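File shown: input-v5.tsv. Contents: TSV, C-alpha atoms.
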```tsv
chain	number	residue	atom	x	y	z
A	1136	MET	CA	62.86	-117.34	-29.08
A	1137	GLN	CA	66.13	-115.45	-28.48
A	1138	SER	CA	67.96	-118.57	-27.44
A	1139	LEU	CA	66.49	-120.50	-30.34
A	1140	HIS	CA	67.88	-118.06	-32.86
A	1141	ARG	CA	71.32	-118.22	-31.33
A	1142	HIS	CA	71.08	-121.97	-31.36
A	1143	THR	CA	70.06	-122.01	-35.01
A	1144	GLY	CA	73.07	-119.87	-35.79
A	1145	THR	CA	75.59	-122.26	-34.29
A	1146	VAL	CA	74.32	-125.47	-35.88
A	1147	MET	CA	73.60	-124.12	-39.32
A	1148	ASN	CA	75.13	-126.95	-41.37
A	1149	ASN	CA	73.96	-129.66	-39.06
A	1150	PRO	CA	70.36	-128.93	-38.13
A	1151	GLY	CA	69.58	-130.39	-34.74
A	1152	LEU	CA	66.30	-131.83	-33.53
A	1153	ARG	CA	65.45	-128.45	-32.13
A	1154	ASP	CA	65.57	-126.76	-35.51
A	1155	ILE	CA	63.42	-129.41	-37.09
A	1156	TRP	CA	60.98	-128.90	-34.22
A	1157	VAL	CA	60.92	-125.14	-34.74
A	1158	TYR	CA	60.25	-125.66	-38.42
A	1159	LEU	CA	57.60	-128.33	-37.97
A	1160	SER	CA	55.69	-126.57	-35.22
A	1161	ALA	CA	54.89	-123.77	-37.66
A	1162	THR	CA	53.60	-125.96	-40.52
A	1163	PRO	CA	50.00	-127.16	-40.91
A	1164	LEU	CA	51.32	-130.71	-41.05
A	1165	PHE	CA	52.06	-130.64	-37.34
A	1166	GLY	CA	48.66	-129.40	-36.17
A	1167	LEU	CA	46.80	-131.80	-38.43
A	1168	THR	CA	48.90	-134.81	-37.46
A	1169	ILE	CA	48.74	-134.31	-33.69
A	1170	THR	CA	44.96	-133.83	-33.95
A	1171	LEU	CA	44.55	-137.18	-35.66
A	1172	VAL	CA	47.09	-138.94	-33.45
A	1173	ALA	CA	45.50	-137.57	-30.27
A	1174	TYR	CA	42.04	-138.58	-31.42
A	1175	GLY	CA	43.31	-142.03	-32.41
A	1176	LEU	CA	44.82	-142.55	-28.96
A	1177	ALA	CA	41.75	-141.15	-27.22
A	1178	TYR	CA	39.47	-143.40	-29.22
A	1179	ARG	CA	41.58	-146.46	-28.43
A	1180	PHE	CA	41.43	-145.55	-24.74
A	1181	TYR	CA	37.65	-145.13	-25.06
A	1182	LEU	CA	37.33	-148.65	-26.51
A	1183	LYS	CA	39.63	-150.03	-23.78
A	1184	THR	CA	37.21	-148.74	-21.14
A	1185	ASN	CA	34.36	-150.58	-22.89
A	1186	SER	CA	33.06	-147.30	-24.29
A	1187	SER	CA	32.55	-145.77	-20.87
A	1188	PRO	CA	30.95	-142.34	-21.39
A	1189	LEU	CA	33.42	-140.95	-18.83
A	1190	ALA	CA	36.28	-141.67	-21.24
A	1191	ASN	CA	34.68	-139.50	-23.94
A	1192	PRO	CA	37.23	-139.33	-26.81
A	1193	VAL	CA	36.62	-135.64	-27.53
A	1194	PHE	CA	37.34	-134.77	-23.92
A	1195	THR	CA	40.53	-136.86	-23.71
A	1196	SER	CA	41.90	-135.69	-27.05
A	1197	VAL	CA	41.21	-132.02	-26.33
A	1198	ALA	CA	42.90	-132.38	-22.92
A	1199	MET	CA	45.91	-134.13	-24.47
A	1200	LEU	CA	46.27	-131.54	-27.22
A	1201	ILE	CA	46.03	-128.57	-24.84
A	1202	ALA	CA	48.66	-130.18	-22.61
A	1203	VAL	CA	50.98	-130.77	-25.58
A	1204	LEU	CA	50.55	-127.21	-26.86
A	1205	LEU	CA	51.06	-125.63	-23.44
A	1206	VAL	CA	54.16	-127.71	-22.69
A	1207	SER	CA	55.71	-127.14	-26.11
A	1208	GLY	CA	54.75	-123.45	-26.19
A	1209	ILE	CA	53.02	-123.68	-29.57
A	1210	SER	CA	50.28	-121.10	-29.98
A	1211	TYR	CA	46.69	-122.03	-30.80
A	1212	ASN	CA	46.99	-120.12	-34.08
A	1213	ASP	CA	49.95	-122.22	-35.19
A	1214	TYR	CA	48.12	-125.37	-34.16
A	1215	PHE	CA	44.95	-124.30	-35.94
A	1216	ALA	CA	46.85	-123.81	-39.20
A	1217	GLY	CA	46.65	-127.62	-39.33
A	1218	GLY	CA	43.56	-128.17	-37.19
A	1219	GLN	CA	41.46	-126.10	-39.57
A	1220	PHE	CA	41.45	-128.93	-42.11
A	1221	VAL	CA	39.57	-131.10	-39.65
A	1222	HIS	CA	37.45	-128.19	-38.41
A	1223	PHE	CA	36.47	-127.29	-41.97
A	1224	LEU	CA	34.78	-130.67	-42.45
A	1225	LEU	CA	32.08	-129.64	-39.94
A	1226	GLY	CA	30.46	-127.71	-42.81
A	1227	PRO	CA	30.07	-130.62	-45.27
A	1228	ALA	CA	29.20	-132.86	-42.29
A	1229	THR	CA	26.25	-130.56	-41.54
A	1230	VAL	CA	25.08	-130.87	-45.16
A	1231	ALA	CA	25.58	-134.64	-44.87
A	1232	LEU	CA	22.96	-134.74	-42.08
A	1233	ALA	CA	20.37	-134.60	-44.87
A	1234	VAL	CA	21.10	-138.28	-45.53
A	1235	PRO	CA	20.09	-139.74	-42.12
A	1236	LEU	CA	17.20	-137.30	-42.15
A	1237	TYR	CA	16.06	-138.70	-45.48
A	1238	GLN	CA	16.63	-142.32	-44.42
A	1239	GLN	CA	14.60	-141.90	-41.25
A	1240	PHE	CA	11.88	-139.97	-42.99
A	1241	SER	CA	9.37	-142.82	-43.02
A	1242	ARG	CA	9.66	-143.19	-39.25
A	1243	LEU	CA	9.62	-139.46	-38.84
A	1244	ARG	CA	6.37	-139.28	-40.78
A	1245	GLN	CA	4.64	-141.48	-38.19
A	1246	LEU	CA	6.07	-139.49	-35.31
A	1247	TRP	CA	6.20	-136.03	-36.83
A	1248	LEU	CA	3.96	-134.31	-34.32
A	1249	PRO	CA	5.71	-135.56	-31.14
A	1250	VAL	CA	9.10	-134.89	-32.76
A	1251	LEU	CA	8.08	-131.39	-33.80
A	1252	ILE	CA	6.75	-130.53	-30.34
A	1253	SER	CA	9.78	-131.98	-28.49
A	1254	LEU	CA	12.14	-130.30	-30.90
A	1255	ILE	CA	10.69	-126.82	-30.58
A	1256	CYS	CA	10.40	-127.15	-26.79
A	1257	GLY	CA	13.92	-128.59	-26.56
A	1258	VAL	CA	15.54	-125.89	-28.69
A	1259	GLY	CA	13.67	-123.18	-26.77
A	1260	ILE	CA	14.57	-124.66	-23.39
A	1261	ALA	CA	18.23	-125.06	-24.38
A	1262	ALA	CA	18.62	-121.44	-25.45
A	1263	GLY	CA	16.28	-119.90	-22.86
A	1264	SER	CA	17.66	-121.76	-19.85
A	1265	SER	CA	21.30	-121.07	-20.73
A	1266	VAL	CA	20.72	-117.34	-21.29
A	1267	LEU	CA	18.59	-116.95	-18.16
A	1268	LEU	CA	20.89	-119.03	-15.94
A	1269	ALA	CA	23.96	-117.13	-17.14
A	1270	ARG	CA	22.19	-113.84	-16.51
A	1271	LEU	CA	21.00	-114.96	-13.08
A	1272	LEU	CA	24.55	-115.92	-12.12
A	1273	GLY	CA	25.92	-112.58	-13.25
A	1274	GLY	CA	27.41	-113.51	-16.62
A	1275	SER	CA	28.14	-110.69	-19.06
A	1276	LEU	CA	25.94	-110.17	-22.12
A	1277	GLU	CA	28.72	-111.54	-24.32
A	1278	ILE	CA	28.77	-114.77	-22.31
A	1279	GLN	CA	24.97	-115.07	-22.43
A	1280	MET	CA	24.96	-114.65	-26.20
A	1281	SER	CA	27.84	-117.07	-26.63
A	1282	LEU	CA	25.96	-119.65	-24.56
A	1283	ALA	CA	22.57	-119.26	-26.29
A	1284	PRO	CA	23.18	-121.49	-29.36
A	1285	LYS	CA	25.39	-124.01	-27.50
A	1286	SER	CA	23.21	-127.05	-28.22
A	1287	ALA	CA	23.42	-126.69	-32.00
A	1288	THR	CA	26.24	-128.22	-34.02
A	1289	ALA	CA	29.39	-126.07	-34.22
A	1290	PRO	CA	29.16	-124.23	-37.58
A	1291	VAL	CA	25.51	-123.38	-36.95
A	1292	ALA	CA	26.13	-122.25	-33.38
A	1293	MET	CA	29.11	-120.12	-34.41
A	1294	GLY	CA	27.07	-118.44	-37.14
A	1295	ILE	CA	24.24	-117.64	-34.75
A	1296	SER	CA	26.58	-116.46	-32.00
A	1297	GLU	CA	28.16	-114.00	-34.41
A	1298	LYS	CA	24.76	-112.62	-35.40
A	1299	ILE	CA	23.45	-112.13	-31.86
A	1300	GLY	CA	26.61	-110.57	-30.43
A	1301	GLY	CA	28.46	-113.50	-28.88
A	1302	LEU	CA	32.04	-114.62	-29.50
A	1303	PRO	CA	31.99	-117.32	-32.21
A	1304	SER	CA	35.26	-118.90	-31.07
A	1305	LEU	CA	34.07	-119.06	-27.45
A	1306	THR	CA	30.76	-120.50	-28.64
A	1307	ALA	CA	32.66	-123.24	-30.47
A	1308	VAL	CA	34.34	-124.18	-27.17
A	1309	LEU	CA	31.02	-124.09	-25.27
A	1310	VAL	CA	29.41	-126.24	-27.99
A	1311	VAL	CA	32.10	-128.85	-27.51
A	1312	ILE	CA	31.80	-128.80	-23.69
A	1313	THR	CA	28.00	-129.05	-23.99
A	1314	GLY	CA	28.34	-132.03	-26.31
A	1315	ILE	CA	30.75	-133.76	-23.94
A	1316	THR	CA	28.47	-133.05	-20.96
A	1317	GLY	CA	25.50	-134.53	-22.79
A	1318	ALA	CA	27.44	-137.57	-23.95
A	1319	VAL	CA	28.85	-138.24	-20.47
A	1320	LEU	CA	25.64	-137.71	-18.46
A	1321	GLY	CA	22.98	-138.68	-21.01
A	1322	THR	CA	22.45	-142.38	-20.49
A	1323	LYS	CA	22.55	-142.10	-16.68
A	1324	LEU	CA	20.04	-139.22	-16.72
A	1325	PHE	CA	17.61	-141.16	-18.90
A	1326	GLU	CA	17.90	-144.09	-16.51
A	1327	TRP	CA	17.09	-141.88	-13.51
A	1328	ILE	CA	14.03	-140.25	-15.05
A	1329	GLY	CA	12.81	-143.61	-16.33
A	1330	VAL	CA	12.84	-142.92	-20.07
A	1331	LYS	CA	13.51	-146.25	-21.74
A	1332	ASP	CA	12.38	-145.62	-25.31
A	1333	ASP	CA	15.38	-145.25	-27.62
A	1334	THR	CA	13.44	-142.86	-29.83
A	1335	ALA	CA	12.87	-140.38	-26.99
A	1336	LYS	CA	16.44	-140.81	-25.73
A	1337	GLY	CA	17.83	-140.18	-29.21
A	1338	ILE	CA	15.75	-137.06	-29.78
A	1339	ALA	CA	16.80	-135.64	-26.41
A	1340	MET	CA	20.47	-136.44	-27.04
A	1341	GLY	CA	20.48	-134.84	-30.49
A	1342	VAL	CA	18.66	-131.71	-29.36
A	1343	ALA	CA	20.83	-131.15	-26.27
A	1344	ALA	CA	24.23	-132.50	-27.32
A	1345	HIS	CA	24.42	-132.39	-31.17
A	1346	GLY	CA	27.14	-134.47	-32.87
A	1347	ILE	CA	29.11	-135.51	-29.80
A	1348	GLY	CA	25.90	-136.77	-28.19
A	1349	THR	CA	24.95	-138.52	-31.42
A	1350	ALA	CA	28.29	-140.34	-31.51
A	1351	ARG	CA	27.49	-141.59	-28.00
A	1352	ALA	CA	23.91	-142.48	-28.96
A	1353	PHE	CA	25.13	-144.77	-31.75
A	1354	GLN	CA	27.05	-146.71	-29.07
A	1355	VAL	CA	23.79	-147.45	-27.27
A	1356	SER	CA	21.75	-148.50	-30.28
A	1357	ASN	CA	21.36	-147.78	-33.98
A	1358	ARG	CA	17.86	-146.53	-33.44
A	1359	MET	CA	18.94	-144.08	-30.74
A	1360	GLY	CA	21.78	-142.90	-32.97
A	1361	ALA	CA	19.54	-142.42	-35.98
A	1362	PHE	CA	17.02	-140.39	-34.03
A	1363	SER	CA	19.77	-138.40	-32.36
A	1364	GLY	CA	21.21	-137.57	-35.79
A	1365	LEU	CA	17.78	-136.62	-36.99
A	1366	ALA	CA	17.19	-134.39	-33.96
A	1367	MET	CA	20.60	-132.79	-34.42
A	1368	ALA	CA	19.84	-131.99	-38.07
A	1369	LEU	CA	16.39	-130.62	-37.32
A	1370	SER	CA	17.54	-128.65	-34.30
A	1371	ALA	CA	20.36	-127.08	-36.32
A	1372	PHE	CA	17.63	-125.74	-38.56
A	1373	ALA	CA	15.26	-124.86	-35.70
A	1374	THR	CA	18.02	-123.15	-33.67
A	1375	ALA	CA	18.93	-120.99	-36.67
A	1376	LEU	CA	15.29	-119.94	-37.02
A	1377	VAL	CA	14.25	-119.64	-33.37
A	1378	VAL	CA	17.23	-118.53	-31.28
A	1379	PRO	CA	18.02	-115.05	-32.75
A	1380	TRP	CA	14.36	-114.14	-32.40
A	1381	MET	CA	14.08	-115.65	-28.93
A	1382	VAL	CA	17.15	-113.89	-27.61
A	1383	ASP	CA	15.68	-110.51	-28.61
A	1384	TRP	CA	12.53	-111.46	-26.84
A	1385	ILE	CA	14.34	-112.43	-23.62
A	1386	GLN	CA	16.32	-109.18	-23.77
A	1387	ALA	CA	13.10	-107.21	-24.00
A	1388	LEU	CA	11.29	-109.11	-21.28
A	1389	PHE	CA	13.84	-109.60	-18.51
B	148	MET	CA	35.71	-142.20	-57.12
B	149	ASN	CA	32.43	-142.69	-55.29
B	150	PHE	CA	33.68	-140.97	-52.19
B	151	LEU	CA	35.11	-138.12	-54.24
B	152	ASN	CA	31.80	-137.58	-56.06
B	153	GLY	CA	29.95	-137.66	-52.78
B	154	ILE	CA	32.15	-135.14	-51.02
B	155	THR	CA	32.05	-132.92	-54.12
B	156	LEU	CA	28.25	-132.92	-54.06
B	157	LEU	CA	28.22	-132.08	-50.34
B	158	LEU	CA	30.58	-129.18	-50.96
B	159	VAL	CA	28.51	-127.96	-53.92
B	160	TYR	CA	25.40	-127.88	-51.74
B	161	GLN	CA	27.27	-126.12	-48.95
B	162	LEU	CA	28.65	-123.56	-51.39
B	163	ALA	CA	25.21	-122.99	-52.91
B	164	GLY	CA	23.83	-122.59	-49.38
B	165	GLU	CA	26.49	-120.02	-48.45
B	166	ILE	CA	25.91	-118.04	-51.66
B	167	ILE	CA	22.12	-117.99	-51.33
B	168	VAL	CA	22.30	-117.01	-47.64
B	169	ARG	CA	24.54	-114.08	-48.52
B	170	LEU	CA	22.51	-113.00	-51.54
B	171	LEU	CA	19.22	-113.04	-49.67
B	172	GLY	CA	20.62	-111.82	-46.36
B	173	VAL	CA	18.72	-114.49	-44.39
B	174	SER	CA	19.91	-115.47	-40.92
B	175	ILE	CA	20.25	-119.22	-41.53
B	176	PRO	CA	23.83	-120.55	-41.65
B	177	GLY	CA	24.91	-121.66	-45.14
B	178	PRO	CA	25.53	-125.36	-44.30
B	179	VAL	CA	22.02	-125.64	-42.82
B	180	LEU	CA	20.45	-124.29	-46.00
B	181	GLY	CA	22.69	-126.69	-47.94
B	182	MET	CA	21.35	-129.55	-45.81
B	183	VAL	CA	17.75	-128.51	-46.45
B	184	MET	CA	18.34	-128.26	-50.20
B	185	LEU	CA	20.03	-131.67	-50.32
B	186	PHE	CA	17.13	-133.13	-48.34
B	187	ILE	CA	14.59	-131.63	-50.75
B	188	THR	CA	16.58	-132.92	-53.73
B	189	MET	CA	16.50	-136.45	-52.31
B	190	MET	CA	12.77	-136.18	-51.59
B	191	ILE	CA	12.11	-135.15	-55.19
B	192	ARG	CA	14.36	-137.83	-56.69
B	193	GLY	CA	13.02	-140.41	-54.27
B	194	ARG	CA	16.38	-141.83	-53.25
B	195	ALA	CA	19.74	-140.94	-51.70
B	196	PRO	CA	22.47	-141.04	-54.39
B	197	GLU	CA	24.99	-143.72	-53.44
B	198	PRO	CA	28.11	-141.48	-53.52
B	199	VAL	CA	26.45	-138.97	-51.20
B	200	GLU	CA	25.44	-141.78	-48.89
B	201	HIS	CA	29.05	-143.04	-48.79
B	202	ALA	CA	30.55	-139.64	-48.13
B	203	SER	CA	27.93	-138.82	-45.53
B	204	THR	CA	28.45	-142.08	-43.64
B	205	ALA	CA	32.21	-141.52	-43.67
B	206	LEU	CA	31.93	-137.97	-42.36
B	207	LEU	CA	29.25	-138.66	-39.78
B	208	SER	CA	30.90	-141.79	-38.38
B	209	HIS	CA	33.80	-139.63	-37.19
B	210	LEU	CA	31.73	-136.63	-36.31
B	211	SER	CA	33.22	-136.19	-32.84
B	212	LEU	CA	36.75	-135.89	-34.28
B	213	LEU	CA	35.62	-132.79	-36.19
B	214	PHE	CA	34.88	-130.97	-32.93
B	215	VAL	CA	38.39	-131.46	-31.52
B	216	PRO	CA	40.17	-128.40	-33.02
B	217	ALA	CA	37.35	-126.13	-31.83
B	218	GLY	CA	37.59	-127.70	-28.36
B	219	VAL	CA	41.32	-127.04	-28.20
B	220	GLY	CA	40.37	-123.38	-28.73
B	221	MET	CA	39.51	-123.42	-25.05
B	222	MET	CA	43.16	-122.57	-24.36
B	223	THR	CA	42.69	-119.12	-25.92
B	224	HIS	CA	39.69	-118.45	-23.68
B	225	PHE	CA	41.18	-119.58	-20.35
B	226	GLY	CA	41.21	-115.96	-19.15
B	227	ARG	CA	37.57	-115.28	-19.87
B	228	ILE	CA	36.48	-118.68	-18.58
B	229	ALA	CA	38.41	-118.05	-15.34
B	230	ASP	CA	36.80	-114.59	-15.00
B	231	GLU	CA	33.27	-115.84	-15.48
B	232	TRP	CA	33.62	-119.47	-14.49
B	233	LEU	CA	30.52	-119.50	-12.30
B	234	PRO	CA	27.91	-118.43	-14.88
B	235	ILE	CA	29.64	-120.40	-17.64
B	236	THR	CA	29.96	-123.68	-15.75
B	237	PHE	CA	26.58	-123.68	-14.06
B	238	ALA	CA	24.57	-122.26	-16.95
B	239	LEU	CA	26.16	-124.78	-19.29
B	240	LEU	CA	25.83	-127.86	-17.07
B	241	LEU	CA	22.37	-127.11	-15.71
B	242	SER	CA	20.95	-125.99	-19.02
B	243	THR	CA	22.26	-129.11	-20.77
B	244	VAL	CA	20.79	-131.38	-18.08
B	245	ILE	CA	17.46	-129.52	-18.08
B	246	THR	CA	17.24	-129.61	-21.88
B	247	MET	CA	17.99	-133.30	-22.05
B	248	VAL	CA	15.58	-134.32	-19.29
B	249	ALA	CA	12.77	-132.05	-20.51
B	250	THR	CA	13.10	-133.09	-24.15
B	251	ALA	CA	13.17	-136.80	-23.29
B	252	LEU	CA	10.08	-136.50	-21.07
B	253	ILE	CA	8.18	-134.36	-23.59
B	254	MET	CA	9.01	-136.78	-26.41
B	255	GLN	CA	7.95	-139.77	-24.28
B	256	GLN	CA	4.65	-138.15	-23.31
B	257	THR	CA	3.74	-136.75	-26.72
B	258	SER	CA	4.50	-140.01	-28.52
B	259	ARG	CA	2.12	-141.76	-26.11
B	260	TRP	CA	-0.58	-139.22	-26.92
B	261	PHE	CA	-0.18	-138.96	-30.65
B	262	ALA	CA	1.45	-142.16	-31.90
B	263	LYS	CA	-0.86	-144.38	-33.88
B	264	PRO	CA	-1.01	-147.89	-32.47
B	265	ALA	CA	1.85	-148.86	-34.76
B	266	PRO	CA	2.67	-152.50	-35.50
B	267	ALA	CA	5.59	-153.72	-33.38
B	268	HIS	CA	7.92	-153.67	-36.35
B	269	GLY	CA	6.54	-151.78	-39.29
B	270	HIS	CA	8.49	-152.16	-42.49
B	271	SER	CA	10.67	-149.14	-42.81
B	272	ASP	CA	11.63	-148.74	-46.43
B	273	GLU	CA	15.16	-147.47	-46.18
```

Turn this file's structure into C-alpha cells for me.
Amino acid sequence: MQSLHRHTGTVMNNPGLRDIWVYLSATPLFGLTITLVAYGLAYRFYLKTNSSPLANPVFTSVAMLIAVLLVSGISYNDYFAGGQFVHFLLGPATVALAVPLYQQFSRLRQLWLPVLISLICGVGIAAGSSVLLARLLGGSLEIQMSLAPKSATAPVAMGISEKIGGLPSLTAVLVVITGITGAVLGTKLFEWIGVKDDTAKGIAMGVAAHGIGTARAFQVSNRMGAFSGLAMALSAFATALVVPWMVDWIQALF
Amino acid sequence: MNFLNGITLLLVYQLAGEIIVRLLGVSIPGPVLGMVMLFITMMIRGRAPEPVEHASTALLSHLSLLFVPAGVGMMTHFGRIADEWLPITFALLLSTVITMVATALIMQQTSRWFAKPAPAHGHSDE
C-alpha cells in the first residue's frame, strides 16, 4: 500500500495502469465482472470436455477466482462487494423452485409416498451422518453445526447454520463443496450401486447435492433434472423443519 | 417486460416470506416460505403464470453460477479448514456419498413397493 501511495503521488496527472487497477479493484464492477468472466470460461471448458463431471464449472471458476484474488492481493470483502449481486439471486432462485415443483406435481402425486420416505430419510442421513462423522473425527462443535445443513441450498443452509450455532459463511463454502462432490461423483456412484432409474437418481442428487447436483442432473436427462430440482426444493423445506430439531436430539443423545 | 414481471413476483414472495418469518419467529428461512407460498398460489390458480415461469427458468438454468461467490469465500476460511481439515474433509465427502447412495437405494426400493403399475408413458399435463 505504501509504495502504491507514493506511486500515485508521482503520476497524478497521468494515471498509470496501476492507479486504474487500484481504483477498479475496490469497485463492485470488478468483483461482478470477474465472477461472470470466470464462470463463462469455466463453462466453456466444461463443454469442451464433453460435460465431464470432473470439469465441474463451479469448481473451476472458484479455483480461478481464488487464484486471481490471491495473486492480485484483493481481499474477499472487496471481491464480494461485486459478487454479492450474483449471490443475492440465490434467494429469488429458491422461491423460483416452486415452478418445477408445480410442473412436476402430477408425477409427484403418483410417487408421493416413495418421494416422501426417501426425502425424510435422505435429509436425516445427510445431517446426522455429517454431524456424527465430524464429531467422531474430533471436529469442534462449530464445525459440526456448520456441516449439519450442508446438503440444502445455500440461503437455507446459511439460515439454519446461524440458528444452530454454526458459521453461516463457512456453511456456504461447505454447501458449495458438497454440491461439487455430489455433481462429480454422482453418476459414477449410481452406476456402481446399480440404480438405473432416472427418478431415483434425480431424487438422490437433489437431496444430497442441491443446485449444483441439479445442474449436473439436467445434463444426464430432463427427467433426472426435474426430479433433482423437485428434491432440492422439498429438501430445502424439510431441512429447515427437521435439522434444528435433529441436531438438538443428537447433542442430547451422544 | 415478462422477465421483469416474473422477477418482481419472485422478489415479492421472498420479501413476504422474510417478513412473515420474522413476525412469527418461525425457524424456516424466508425464501423457503416464499417458495411454499408461491407453490400454493399456483395450486389454487391452477397454472404457473408465464412471467414467473420465464424468470424461474432463467434463474434456475444458471443455478450453479449463483454458488460461485459463496465458494470463493473459502479463501477466508483457509485457516480453519487447515486446522480441522480431517473432520471437515472426511465428514463432508463420506456423508455426501452415504446420503446419495442411501437416498437412491431407498427411492428405488420404495417406488417398487408403492408405485401403482403405471402405464409406460402416462400423460403428464404440464

Legend entry - All residues 8 Å or closer to Ile1299 of chain A, all atoms listed in the file, same chain fewer than 6 positions away omitted, as a PyMOL selection string: chain A and resi 1280+1379+1382

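The space between atom CA of Val199 of chain B and atom CA of Gly1364 of chain A spans 16.3 Å.
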
Which residues of chain B come within 6 Å of chain A, and what is each one's closest atom pair and distance in Å (one decimal), counting all atoms listed in the file, sorted by chain and residue number, as a tab-separated table?
```
residue	atom	partner	partner_atom	distance
B:Leu157	CA	A:Pro1227	CA	5.6
B:Leu158	CA	A:Pro1227	CA	5.9
B:Ile175	CA	A:Ala1375	CA	5.3
B:Pro176	CA	A:Val1291	CA	5.7
B:Pro178	CA	A:Val1230	CA	5.6
B:Gly181	CA	A:Val1230	CA	5.6
B:Met182	CA	A:Val1230	CA	4.0
B:Phe186	CA	A:Ala1233	CA	5.0
B:Ser203	CA	A:Ala1231	CA	4.8
B:Leu206	CA	A:Ala1228	CA	5.8
B:Ser211	CA	A:Ile1347	CA	5.2
B:Leu213	CA	A:His1222	CA	5.4
B:Val215	CA	A:Val1197	CA	5.9
B:Pro216	CA	A:Gly1218	CA	5.4
B:Ala217	CA	A:Ala1307	CA	5.7
B:Gly218	CA	A:Val1308	CA	4.9
B:Val219	CA	A:Val1197	CA	5.3
B:Met221	CA	A:Val1308	CA	5.6
B:Pro234	CA	A:Ala1269	CA	4.7
B:Ala238	CA	A:Leu1268	CA	5.0
B:Ser242	CA	A:Ser1265	CA	5.2
B:Thr246	CA	A:Ala1261	CA	5.3
B:Met247	CA	A:Ala1339	CA	5.1
B:Thr250	CA	A:Ala1339	CA	5.0
B:Ala251	CA	A:Ala1339	CA	4.9
B:Ile253	CA	A:Ser1253	CA	5.7
B:Met254	CA	A:Ser1253	CA	5.3
B:Gln255	CA	A:Ala1335	CA	5.7
B:Thr257	CA	A:Pro1249	CA	5.0
B:Ser258	CA	A:Pro1249	CA	5.3
B:Glu273	CA	A:Gln1238	CA	5.6
```

Inset, instruction - For atom CA of Ala1366 of chain A and atom CA of Ile187 of chain B, determine how far apart the two atoms are, in Å to one decimal place. - result: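 Distance reported for this atom pair: 17.2 Å.
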
Legend entry - Nearby residues (all atoms listed in the file) at most 12 Å from Asn152 of chain B, same-chain spacing under 6 positions excluded, as a ChimeraX atom specification: /B:158-159,196-203

Legend entry - atom CA of Leu212 of chain B to atom CA of Val1378 of chain A, distance in Å rounded to a single decimal: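 Atom CA of Val1378 of chain A lies 26.3 Å from atom CA of Leu212 of chain B.
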
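Taking only C-alpha atoms into account, Lys1323 of chain A lies nearest to A:Pro1188 out of the set A:Gly1360, A:Pro1163, A:Pro1188, A:Gly1151.
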
Legend entry - Best match for closeness to Val1172 of chain A among A:Val1203, A:Leu1276, A:Met1367, A:Leu1152, counting all atoms listed in the file: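 Answer, going by the shortest atom-to-atom distance: A:Val1203.
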